Amino acid sequence: MFILCKGKVAREPYEMPYTGQKVYSLEELCYYIYHNIYSITEDFFEESLAVWLKEETENTLLAKKIEEMLAGNKNLKDLVVTILCGCDYYKEKEIREIISIIDGIENLPLYRKKKIKADNYLRAGYYGKSLLAYRKLLHGSFAVNFTTEEYGDILHNQGIAHFYTSSFAEAETDFKEAYVRNNKKESLLHYLWVLMMQKKVKLFETEAVAFGMSLEEILVAKETYQKALSGWRLPEEREDDIKRYKEQLKTAFSC
């Protein structure tokens, strides 16, 4: 996708916190914020952003505003609006829509904000941080606030975090318990795939039948798993093999 930039294009990009995505102009920064608003928090705005705006895009006035706002502990809405109003990439109506979304997020109860933060960690690949956050949600005082299905969804995401931190056995438990609670096919498939990864072929077949899958669905699940492997053997001892093996499965294991 091409983004029309009227301002200066930076020689050195700004790297987004968490995701590592790079932007080269104020317009690209605005586009990123606009389309990732649910993952934007106060932590997104760092002093390095003001420095980049000043030195790389020559938006001196905007950089100064951001510096002052960070020093004064301004809220998320003020920071987002200031950036979006720093150029004319978005119209007033679109900015008002973003304000409405931010207001909705800010009015969420604390436990939902905590889940959004945990999901952001997971989405950005910070699996260790997301795992800690999910554990607090599942075993702390916030747990009673979630419905059975929501609790299952959190277990599912915790399973993804466990998978990427090399704990296949814990991921197996997470995905199975997630399916029992949320009754979502995605959780069931993740559970079955992890069984295959651990060479638990008989258990895979037994569980697939027990959970009511048809023969056709079982075959499709196996084919999807084999496709994800793309010719890689199941790693057993070498750590580098495990790392590469996981990369091959990213298409199947995604949040």
# chains A, B, ... in the order shown; residues from 1 in each chain; ligands from 1
$ residues_around --residues "Leu132 in chain A" --least-positions-apart "6" --cutoff "10 Å" --atoms "only C-alpha atoms" --output "PyMOL selection string"
chain A and resi 118+158+161
$ residues_around --residues "range 211-220 of chain A" --least-positions-apart "6" --cutoff "12 Å" --atoms "only C-alpha atoms" --output "number ranges by chain"
A: 176, 179-180, 183-185, 187-189, 191-193, 201, 203-205, 226-227
$ select_by_dssp --residues "range 6-254 of chain A" --states "strand (DSSP E)" --output "list of chain:residue names"
A:Tyr14, A:Glu15, A:Lys22, A:Val23
$ write_last_selection --atoms "N, CA and C atoms" --output "short mmCIF file (atom, residue, chain, number, x, y, z; two decimals), in the first residue's frame"
data_model
loop_
_atom_site.label_atom_id
_atom_site.label_comp_id
_atom_site.auth_asym_id
_atom_site.auth_seq_id
_atom_site.Cartn_x
_atom_site.Cartn_y
_atom_site.Cartn_z
N TYR A 14 11.33 5.32 12.20
CA TYR A 14 10.99 5.17 13.61
C TYR A 14 10.42 3.77 13.78
N GLU A 15 10.91 3.06 14.77
CA GLU A 15 10.48 1.69 15.00
C GLU A 15 9.40 1.64 16.08
N LYS A 22 8.41 -0.35 11.03
CA LYS A 22 9.10 0.90 10.78
C LYS A 22 8.26 1.86 9.94
N VAL A 23 8.30 3.14 10.31
CA VAL A 23 7.62 4.18 9.52
C VAL A 23 8.64 5.24 9.15
#
$ closest_residue --among "A:Asn157, A:Val81, A:Lys113, A:Leu53" --to "Ser130 in chain A" --atoms "only C-alpha atoms"
A:Asn157
$ closest_atom_pairs --of "range 90-175 of chain A" --to "range 27-33 of chain A" --cutoff "12 Å" --atoms "only C-alpha atoms" --output "Markdown table"
| residue | atom | partner | partner_atom | distance |
| --- | --- | --- | --- | --- |
| A:Tyr90 | CA | A:Cys30 | CA | 8.2 |
| A:Lys91 | CA | A:Cys30 | CA | 11.7 |
| A:Glu94 | CA | A:Tyr31 | CA | 11.5 |
| A:Ile95 | CA | A:Cys30 | CA | 10.5 |
| A:Ile98 | CA | A:Ile33 | CA | 9.6 |
| A:Ile102 | CA | A:Ile33 | CA | 11.6 |
$ closest_residue --among "A:Met69, A:Ile40, A:Ala208, A:Ala221" --to "Ile105 in chain A" --atoms "only C-alpha atoms"
A:Ile40
$ select_by_dssp --residues "range 14-220 of chain A" --states "helix (DSSP H, G or I)" --output "ChimeraX atom specification"
/A:26-35,37-39,42-44,47-55,60-71,76-84,92-106,110-123,127-139,141-145,148-164,168-182,185-197,201-210,215-220
$ atom_distance --atom1 "CA of Ala50 in chain A" --atom2 "CA of Leu70 in chain A"
9.4 Å
